[in-house]
Each structure stands twice: as structure tokens, then as C-alpha cells.
Amino acid sequence: MLNMTVITSALELGCIYSLVALALFLSFRILNIADMTTDGSFTLGCAVSATVALAGHPFLALPVAMLSGAAAGFITALLQTRLGVPSILSGIITNTGLYTVNLAVMGFSSNVNLLKAETLFTVLRDKVGGGVLYRLAPAFVISAVMCGAVILFLNTRIGLSIRATGDNPDMVRASSINTAFTITLGLCISNSMTALSGAVLAQYQRTADINLGTGMVVIGLASLIIGETLFRRGGVGKKAVGALVGSIIYRFVIAVALRLDLPSECLKLISAVIVALAIAGPHVSRRLAEDRRRRAARQKGDR
């Protein structure tokens with residue numbers, strides 16, 4: 001059985017990582033772009049947040065991290081839209097370059113320790129006292145606000161243009177909409193949310209490490225697909241909420257795996273299996289339904 005500490009930790013981490021799921025919802029589902037910048041943008045958010053928090057500005061660290069993530073997204077979009085680099089390669093190129101950038105932000109050290117620095121969570125703990133709320137409340141509020149902002153944005157005129165770009169770029173160009181601009185804006189917003197997730201996590205764990213972003217695409221996709229499996233029908237709003245819920249469920253699955261005393265090295269394999277099952281689930285269920293219909297039709301014919 002999961003104790004209360006494990007449950008609250010899964011909720012907190014689920015809310016923090018849900019920002020990555022929302023970012024992939026925007027880039028992967030709305031824009032139809034496999035953005036491989038995610039791993040580097042997440043680590044960039046961690047590095048910037050830790051560095052600014054060490055300077056004594058834990059709250060300022062969050063918008064600064066978002067701006068840095070948006071800059072990473074801009075580079076990826078520039079390579080794709082202006083230099084003709086395929087979308088998946090442009091993300092890989094940016095992600096590779098970000099490794100050195102992240103090291104430079106952290107003073108060419110592989111990690112930054114925040115144990116003696118003020119963070120968003122320690123400031124709130126001093127104001128409201130200990131307990132669960134000082135860690136869970138800010139994580140939930142930030143994820144809920146960003147989820148609401150994404151839903152509202154995608155229903156604006158420019159948001160509808162971004163959605164149309166992902167659905168049919170040729171039609172959008174025929175309508176005199178600049179697809180380079182919509183792709184650039186979408187990737188900037190997506191990577192700013194990824195960096196925000198890293199920024200919050202760095203202050204939550206009170207450390208930033210150069211390898212924190214490794215495998216973040218898989219984690220985000222697992223959360224996104226779990227949410228889509230639960231919320232198959234509905235508009236953009238329902239699917240965005242599904243990404244948040246999927247992230248929390250994913251963290252609970254990981255918590256259960258840890259309680260089963262599985263080695264930590266197995267977590268990446270578990271993530272890959274979750275993604276594979278979530279993607280294959282709808283297809284398998286359709287195939288089974290088709291097989292049942294065929295068998296029923298054969299039995300009718302035999303009669």
C-alpha cells in the first residue's frame with residue numbers, strides 16, 4: 001500500500017511534470033511536430049532556475065527560465081522554417097547545442113546545489129508553516145494556471161491559426177497565414193512550458209543536474225498518451241486537462257513500481273512499456289472489436 005508521503009510526492013511531481021505533457025500536447029499534437037528540444041529545454045530551465053535562485057531571486061527564476069526555454073524553441077523553429085532543416089533534426093541539433101549552454105549556465109559544473117539557498121518552496125514554508133500544502137499547492141496552482149492559459153490561448157485567433165497549421169499547413173498558407181510565424185510561436189510557447197517545469201523541479205528538489213532532462217520526451221509522451229486514452233473524446237480543453245491528469249497517473253505508476261522494490265535502472269524501461277501500451281491500447285481494442293464482429297457475422301451466416 002502507498003503511504004501518504006508517497007501519494008503527496010506523486011501528486012507534486014505529477015503536477016510539475018504535467019507542464020512537459022502540456023508542452024508536448026502543443027508541439028506534438030497541435031502542431032504535429034516531434035520536438036526533440038524537450039530534453040535540453042528542461043535541463044535549461046533547471047540550470048537557469050538554480051542559478052537565479054542562488055543569486056537570491058527564486059520567484060524571478062521562473063519567468064527567466066521560461067524566456068530561456070522560449071529562446072531554445074526559437075532556435076529550433078529558425079532551423080526548421082528558415083534554413084530548411086527537417087523538424088526532428090532541428091530539435092536534435094538544438095538539444096545537442098544546449099548541453100554546452102546548460103553547463104555554461106551552471107558555471108561549467110555538472111550540478112548546482114540549492115540546499116543553502118531560498119527557493120519558492122522554502123519561502124512558502126516559512127509563511128504557511130510545514131505540512132503538505134507548501135509543496136503541493138504551488139505545484140498544483142502553476143500547472144492549473146498553465147493548463148487554463150493553454151486552453152484559452154488555443155481558442156484565440158492566433159491559437160486557431162496554430163491549430164490549423166498543424167492540421168493542414170497548405171490550406172493555412174492559401175489563407176495568407178504565415179506558417180513560419182505560427183510554428184515559431186508554438187515552439188517558443190511549448191519550450192517555455194518545458195523550461196518552467198524544469199525550473200520548478202530544480203527548486204522542488206533543491207538541486208539542478210546536467211542529466212535531469214534525459215528521457216523527458218518519453219516521460220512527457222507517456223503522460224500525454226495516458227491522458228488521451230482516458231479522454232478520447234472532447235475538444236482541446238478536455239485533452240489539455242487529460243495531459244495534466246495523465247502526468248499524475250504516470251507518477252503514481254512510477255511510485256507503485258518503486259514500492260515493488262524494482263531497481264531505479266528499470267524506470268526508463270517501465271516508461272517505454274507504458275508508452276507502448278498506451279499507444280497500442282486503442283489499436284488493439286479496435287482489432288478485438290473487429291474480430292468479435294467478424295465472428296458474430298460468421299455465426300449468423302452459419303445459421
# chains A, B, ... in the order shown; residues from 1 in each chain; ligands from 1
$ residues_around --residues "Ile248 in chain A" --least-positions-apart "5" --cutoff "9 Å" --atoms "only C-alpha atoms" --output "PyMOL selection string"
chain A and resi 10-15+17-18+223+243+253
$ residues_around --residues "range 101-103 of chain A" --least-positions-apart "4" --cutoff "7 Å" --atoms "only C-alpha atoms" --output "PyMOL selection string"
chain A and resi 43-44+47+97+107-110+210
$ write_last_selection --atoms "N, CA, C and O atoms" --output "tab-separated table (two decimals), in the first residue's frame"
chain	number	residue	atom	x	y	z
A	43	THR	N	16.39	20.79	-19.03
A	43	THR	CA	17.63	21.00	-18.27
A	43	THR	C	17.99	22.48	-18.23
A	43	THR	O	18.49	22.97	-17.20
A	44	LEU	N	17.74	23.20	-19.32
A	44	LEU	CA	18.00	24.65	-19.35
A	44	LEU	C	17.16	25.36	-18.29
A	44	LEU	O	17.67	26.24	-17.58
A	47	ALA	N	18.75	24.66	-14.92
A	47	ALA	CA	20.01	25.39	-14.74
A	47	ALA	C	19.76	26.87	-14.47
A	47	ALA	O	20.35	27.45	-13.54
A	97	GLY	N	23.31	21.27	-28.88
A	97	GLY	CA	23.98	22.52	-28.52
A	97	GLY	C	23.65	22.98	-27.12
A	97	GLY	O	24.49	23.60	-26.44
A	107	GLY	N	27.91	27.40	-14.58
A	107	GLY	CA	29.32	27.68	-14.26
A	107	GLY	C	30.24	26.53	-14.61
A	107	GLY	O	31.26	26.31	-13.94
A	108	PHE	N	29.90	25.80	-15.69
A	108	PHE	CA	30.65	24.63	-16.15
A	108	PHE	C	30.83	23.60	-15.04
A	108	PHE	O	31.88	22.96	-14.91
A	109	SER	N	29.78	23.47	-14.26
A	109	SER	CA	29.69	22.41	-13.26
A	109	SER	C	28.52	21.51	-13.63
A	109	SER	O	27.53	21.97	-14.20
A	110	SER	N	28.62	20.22	-13.32
A	110	SER	CA	27.56	19.29	-13.72
A	110	SER	C	26.32	19.39	-12.84
A	110	SER	O	25.27	18.86	-13.19
A	210	ILE	N	22.97	18.27	-14.79
A	210	ILE	CA	23.04	18.33	-16.24
A	210	ILE	C	22.25	17.21	-16.90
A	210	ILE	O	21.84	17.31	-18.06
$ select_by_dssp --residues "range 29-213 of chain A" --states "alpha helix (DSSP H)" --output "MDAnalysis selection string"
chainID A and resid 38:54 61:81 87:105 120:128 133:154 157:167 169:174 179:205
$ write_last_selection --atoms "C-alpha atoms" --output "short mmCIF file (atom, residue, chain, number, x, y, z; two decimals), in the first residue's frame"
data_model
loop_
_atom_site.label_atom_id
_atom_site.label_comp_id
_atom_site.auth_asym_id
_atom_site.auth_seq_id
_atom_site.Cartn_x
_atom_site.Cartn_y
_atom_site.Cartn_z
CA THR A 38 12.39 18.97 -24.91
CA ASP A 39 15.25 17.26 -23.03
CA GLY A 40 17.60 20.24 -23.43
CA SER A 41 14.91 22.84 -22.65
CA PHE A 42 14.00 21.04 -19.44
CA THR A 43 17.63 21.00 -18.27
CA LEU A 44 18.00 24.65 -19.35
CA GLY A 45 15.03 25.57 -17.13
CA CYS A 46 16.64 23.68 -14.22
CA ALA A 47 20.01 25.39 -14.74
CA VAL A 48 18.61 28.92 -15.10
CA SER A 49 16.25 28.50 -12.15
CA ALA A 50 19.01 27.20 -9.86
CA THR A 51 21.45 29.93 -10.89
CA VAL A 52 18.93 32.77 -10.40
CA ALA A 53 17.68 31.27 -7.12
CA LEU A 54 21.29 31.12 -5.87
CA ALA A 61 13.85 32.45 -11.65
CA LEU A 62 10.58 31.10 -13.10
CA PRO A 63 9.90 33.77 -15.78
CA VAL A 64 13.62 33.93 -16.63
CA ALA A 65 13.62 30.15 -17.16
CA MET A 66 10.54 30.45 -19.38
CA LEU A 67 12.28 33.10 -21.50
CA SER A 68 15.34 30.88 -21.88
CA GLY A 69 13.11 27.96 -22.95
CA ALA A 70 11.35 30.19 -25.47
CA ALA A 71 14.78 31.14 -26.89
CA ALA A 72 15.61 27.45 -27.33
CA GLY A 73 12.29 26.91 -29.10
CA PHE A 74 13.02 29.91 -31.34
CA ILE A 75 16.36 28.37 -32.44
CA THR A 76 14.62 25.09 -33.29
CA ALA A 77 11.91 26.93 -35.25
CA LEU A 78 14.53 29.05 -37.05
CA LEU A 79 16.40 25.95 -38.22
CA GLN A 80 13.15 24.40 -39.40
CA THR A 81 11.35 27.33 -41.04
CA SER A 87 11.75 19.29 -37.77
CA ILE A 88 13.11 16.25 -35.94
CA LEU A 89 16.72 17.08 -36.91
CA SER A 90 16.36 20.75 -35.92
CA GLY A 91 15.28 19.64 -32.44
CA ILE A 92 18.20 17.23 -32.15
CA ILE A 93 20.66 19.92 -33.25
CA THR A 94 19.33 22.42 -30.71
CA ASN A 95 19.24 19.79 -27.99
CA THR A 96 22.87 18.89 -28.67
CA GLY A 97 23.98 22.52 -28.52
CA LEU A 98 22.03 23.10 -25.31
CA TYR A 99 24.24 20.63 -23.44
CA THR A 100 27.15 23.09 -23.57
CA VAL A 101 24.84 26.06 -22.91
CA ASN A 102 23.44 24.35 -19.81
CA LEU A 103 26.92 23.62 -18.50
CA ALA A 104 27.87 27.28 -19.06
CA VAL A 105 24.76 28.49 -17.20
CA LEU A 120 9.92 29.11 -3.97
CA PHE A 121 9.00 26.26 -1.63
CA THR A 122 11.11 27.33 1.37
CA VAL A 123 9.66 30.86 1.17
CA LEU A 124 6.12 29.44 1.23
CA ARG A 125 7.06 27.03 4.04
CA ASP A 126 8.26 29.93 6.18
CA LYS A 127 4.98 31.78 5.56
CA VAL A 128 2.43 28.97 5.95
CA LEU A 133 0.36 22.47 1.28
CA TYR A 134 3.61 24.42 0.97
CA ARG A 135 4.87 21.92 -1.65
CA LEU A 136 1.68 20.66 -3.29
CA ALA A 137 -0.20 23.97 -3.53
CA PRO A 138 2.33 25.90 -5.68
CA ALA A 139 2.92 22.89 -7.96
CA PHE A 140 -0.83 22.44 -8.48
CA VAL A 141 -1.53 26.17 -8.95
CA ILE A 142 1.26 26.58 -11.53
CA SER A 143 0.13 23.53 -13.53
CA ALA A 144 -3.55 24.52 -13.34
CA VAL A 145 -2.84 28.12 -14.40
CA MET A 146 -0.68 26.98 -17.34
CA CYS A 147 -3.30 24.42 -18.40
CA GLY A 148 -6.01 27.11 -18.34
CA ALA A 149 -3.75 29.53 -20.22
CA VAL A 150 -3.08 26.94 -22.97
CA ILE A 151 -6.81 26.25 -23.36
CA LEU A 152 -7.65 29.96 -23.57
CA PHE A 153 -4.76 30.66 -25.96
CA LEU A 154 -5.72 27.86 -28.37
CA ARG A 157 -7.46 33.84 -33.27
CA ILE A 158 -3.72 33.14 -33.27
CA GLY A 159 -4.31 29.90 -31.38
CA LEU A 160 -6.78 28.76 -34.02
CA SER A 161 -4.17 29.60 -36.66
CA ILE A 162 -1.64 27.39 -34.85
CA ARG A 163 -4.18 24.56 -34.70
CA ALA A 164 -4.91 24.98 -38.41
CA THR A 165 -1.18 24.91 -39.18
CA GLY A 166 -0.88 21.50 -37.56
CA ASP A 167 -3.98 20.19 -39.36
CA PRO A 169 -0.34 23.83 -43.47
CA ASP A 170 -1.07 24.12 -47.21
CA MET A 171 -4.59 25.41 -46.55
CA VAL A 172 -3.22 27.86 -43.97
CA ARG A 173 -0.71 29.23 -46.48
CA ALA A 174 -3.52 29.61 -49.04
CA THR A 179 3.07 29.31 -41.14
CA ALA A 180 6.67 30.16 -40.19
CA PHE A 181 5.31 32.56 -37.58
CA THR A 182 2.73 30.12 -36.18
CA ILE A 183 5.30 27.30 -35.95
CA THR A 184 7.82 29.61 -34.28
CA LEU A 185 5.28 30.90 -31.77
CA GLY A 186 4.03 27.40 -30.99
CA LEU A 187 7.54 26.03 -30.40
CA CYS A 188 8.50 29.03 -28.27
CA ILE A 189 5.45 28.55 -26.03
CA SER A 190 5.97 24.80 -25.88
CA ASN A 191 9.61 25.04 -24.83
CA SER A 192 8.89 27.83 -22.35
CA MET A 193 6.49 25.46 -20.55
CA THR A 194 9.10 22.69 -20.62
CA ALA A 195 11.67 25.05 -19.12
CA LEU A 196 9.15 26.16 -16.47
CA SER A 197 8.70 22.51 -15.48
CA GLY A 198 12.46 22.16 -15.08
CA ALA A 199 12.64 25.42 -13.14
CA VAL A 200 10.02 24.31 -10.63
CA LEU A 201 11.60 20.86 -10.29
CA ALA A 202 15.05 22.32 -9.58
CA GLN A 203 13.64 24.38 -6.70
CA TYR A 204 11.47 21.47 -5.53
CA GLN A 205 14.47 19.09 -5.35
#
$ closest_atom_pairs --of "range 242-288 of chain A" --to "range 23-29 of chain A" --cutoff "12 Å" --atoms "only C-alpha atoms" --output "tab-separated table"
residue	atom	partner	partner_atom	distance
A:Gly242	CA	A:Phe25	CA	9.9
A:Ala243	CA	A:Phe25	CA	7.3
A:Leu244	CA	A:Phe25	CA	10.2
A:Gly246	CA	A:Phe25	CA	11.6
A:Ser247	CA	A:Leu24	CA	11.8
$ decode --residues "range 130-141 of chain A" --atoms "all heavy atoms" --output "PDB file, in the first residue's frame"
ATOM      1  N   GLY A 130       4.914  24.145   7.965  1.00  0.00           N
ATOM      2  CA  GLY A 130       5.171  22.865   7.302  1.00  0.00           C
ATOM      3  C   GLY A 130       3.902  22.219   6.800  1.00  0.00           C
ATOM      4  O   GLY A 130       2.893  22.879   6.551  1.00  0.00           O
ATOM      5  N   GLY A 131       3.938  20.917   6.668  1.00  0.00           N
ATOM      6  CA  GLY A 131       2.769  20.198   6.175  1.00  0.00           C
ATOM      7  C   GLY A 131       2.862  19.930   4.686  1.00  0.00           C
ATOM      8  O   GLY A 131       3.914  20.028   4.062  1.00  0.00           O
ATOM      9  N   VAL A 132       1.717  19.605   4.097  1.00  0.00           N
ATOM     10  CA  VAL A 132       1.658  19.200   2.696  1.00  0.00           C
ATOM     11  C   VAL A 132       1.524  20.396   1.762  1.00  0.00           C
ATOM     12  O   VAL A 132       2.097  20.428   0.679  1.00  0.00           O
ATOM     13  CB  VAL A 132       0.468  18.230   2.484  1.00  0.00           C
ATOM     14  CG1 VAL A 132       0.329  17.862   1.018  1.00  0.00           C
ATOM     15  CG2 VAL A 132       0.642  16.983   3.325  1.00  0.00           C
ATOM     16  N   LEU A 133       0.782  21.407   2.188  1.00  0.00           N
ATOM     17  CA  LEU A 133       0.361  22.474   1.283  1.00  0.00           C
ATOM     18  C   LEU A 133       1.508  23.283   0.696  1.00  0.00           C
ATOM     19  O   LEU A 133       1.431  23.709  -0.449  1.00  0.00           O
ATOM     20  CB  LEU A 133      -0.614  23.410   1.990  1.00  0.00           C
ATOM     21  CG  LEU A 133      -2.041  22.880   2.164  1.00  0.00           C
ATOM     22  CD1 LEU A 133      -2.890  23.890   2.900  1.00  0.00           C
ATOM     23  CD2 LEU A 133      -2.658  22.555   0.806  1.00  0.00           C
ATOM     24  N   TYR A 134       2.576  23.506   1.466  1.00  0.00           N
ATOM     25  CA  TYR A 134       3.610  24.416   0.965  1.00  0.00           C
ATOM     26  C   TYR A 134       4.351  23.839  -0.246  1.00  0.00           C
ATOM     27  O   TYR A 134       4.988  24.579  -0.997  1.00  0.00           O
ATOM     28  CB  TYR A 134       4.593  24.769   2.093  1.00  0.00           C
ATOM     29  CG  TYR A 134       5.734  23.800   2.292  1.00  0.00           C
ATOM     30  CD1 TYR A 134       6.972  23.981   1.651  1.00  0.00           C
ATOM     31  CD2 TYR A 134       5.598  22.688   3.128  1.00  0.00           C
ATOM     32  CE1 TYR A 134       8.010  23.110   1.843  1.00  0.00           C
ATOM     33  CE2 TYR A 134       6.642  21.810   3.323  1.00  0.00           C
ATOM     34  CZ  TYR A 134       7.841  22.024   2.681  1.00  0.00           C
ATOM     35  OH  TYR A 134       8.880  21.150   2.870  1.00  0.00           O
ATOM     36  N   ARG A 135       4.257  22.515  -0.472  1.00  0.00           N
ATOM     37  CA  ARG A 135       4.868  21.920  -1.652  1.00  0.00           C
ATOM     38  C   ARG A 135       3.842  21.594  -2.738  1.00  0.00           C
ATOM     39  O   ARG A 135       4.073  21.815  -3.921  1.00  0.00           O
ATOM     40  CB  ARG A 135       5.618  20.636  -1.264  1.00  0.00           C
ATOM     41  CG  ARG A 135       6.862  20.881  -0.444  1.00  0.00           C
ATOM     42  CD  ARG A 135       7.302  19.610   0.262  1.00  0.00           C
ATOM     43  NE  ARG A 135       7.899  18.653  -0.651  1.00  0.00           N
ATOM     44  CZ  ARG A 135       9.199  18.591  -0.926  1.00  0.00           C
ATOM     45  NH1 ARG A 135      10.040  19.450  -0.366  1.00  0.00           N
ATOM     46  NH2 ARG A 135       9.672  17.690  -1.738  1.00  0.00           N
ATOM     47  N   LEU A 136       2.692  21.070  -2.312  1.00  0.00           N
ATOM     48  CA  LEU A 136       1.678  20.658  -3.287  1.00  0.00           C
ATOM     49  C   LEU A 136       0.946  21.852  -3.896  1.00  0.00           C
ATOM     50  O   LEU A 136       0.694  21.883  -5.104  1.00  0.00           O
ATOM     51  CB  LEU A 136       0.673  19.712  -2.622  1.00  0.00           C
ATOM     52  CG  LEU A 136      -0.475  19.199  -3.501  1.00  0.00           C
ATOM     53  CD1 LEU A 136       0.060  18.477  -4.730  1.00  0.00           C
ATOM     54  CD2 LEU A 136      -1.392  18.283  -2.699  1.00  0.00           C
ATOM     55  N   ALA A 137       0.608  22.845  -3.061  1.00  0.00           N
ATOM     56  CA  ALA A 137      -0.202  23.974  -3.534  1.00  0.00           C
ATOM     57  C   ALA A 137       0.460  24.738  -4.680  1.00  0.00           C
ATOM     58  O   ALA A 137      -0.174  24.950  -5.719  1.00  0.00           O
ATOM     59  CB  ALA A 137      -0.533  24.907  -2.373  1.00  0.00           C
ATOM     60  N   PRO A 138       1.730  25.162  -4.558  1.00  0.00           N
ATOM     61  CA  PRO A 138       2.326  25.900  -5.681  1.00  0.00           C
ATOM     62  C   PRO A 138       2.467  25.059  -6.941  1.00  0.00           C
ATOM     63  O   PRO A 138       2.256  25.558  -8.054  1.00  0.00           O
ATOM     64  CB  PRO A 138       3.702  26.328  -5.154  1.00  0.00           C
ATOM     65  CG  PRO A 138       3.966  25.463  -3.984  1.00  0.00           C
ATOM     66  CD  PRO A 138       2.645  25.121  -3.401  1.00  0.00           C
ATOM     67  N   ALA A 139       2.802  23.761  -6.782  1.00  0.00           N
ATOM     68  CA  ALA A 139       2.922  22.887  -7.957  1.00  0.00           C
ATOM     69  C   ALA A 139       1.576  22.761  -8.665  1.00  0.00           C
ATOM     70  O   ALA A 139       1.495  22.840  -9.900  1.00  0.00           O
ATOM     71  CB  ALA A 139       3.434  21.505  -7.533  1.00  0.00           C
ATOM     72  N   PHE A 140       0.502  22.588  -7.875  1.00  0.00           N
ATOM     73  CA  PHE A 140      -0.829  22.438  -8.476  1.00  0.00           C
ATOM     74  C   PHE A 140      -1.288  23.747  -9.115  1.00  0.00           C
ATOM     75  O   PHE A 140      -1.840  23.746 -10.223  1.00  0.00           O
ATOM     76  CB  PHE A 140      -1.837  21.998  -7.415  1.00  0.00           C
ATOM     77  CG  PHE A 140      -3.253  21.932  -7.929  1.00  0.00           C
ATOM     78  CD1 PHE A 140      -3.661  20.881  -8.732  1.00  0.00           C
ATOM     79  CD2 PHE A 140      -4.165  22.942  -7.644  1.00  0.00           C
ATOM     80  CE1 PHE A 140      -4.959  20.827  -9.234  1.00  0.00           C
ATOM     81  CE2 PHE A 140      -5.458  22.894  -8.139  1.00  0.00           C
ATOM     82  CZ  PHE A 140      -5.850  21.828  -8.931  1.00  0.00           C
ATOM     83  N   VAL A 141      -1.079  24.866  -8.429  1.00  0.00           N
ATOM     84  CA  VAL A 141      -1.529  26.167  -8.946  1.00  0.00           C
ATOM     85  C   VAL A 141      -0.817  26.488 -10.260  1.00  0.00           C
ATOM     86  O   VAL A 141      -1.448  26.923 -11.238  1.00  0.00           O
ATOM     87  CB  VAL A 141      -1.290  27.283  -7.898  1.00  0.00           C
ATOM     88  CG1 VAL A 141      -1.482  28.663  -8.533  1.00  0.00           C
ATOM     89  CG2 VAL A 141      -2.235  27.114  -6.728  1.00  0.00           C
TER      90      VAL A 141
END
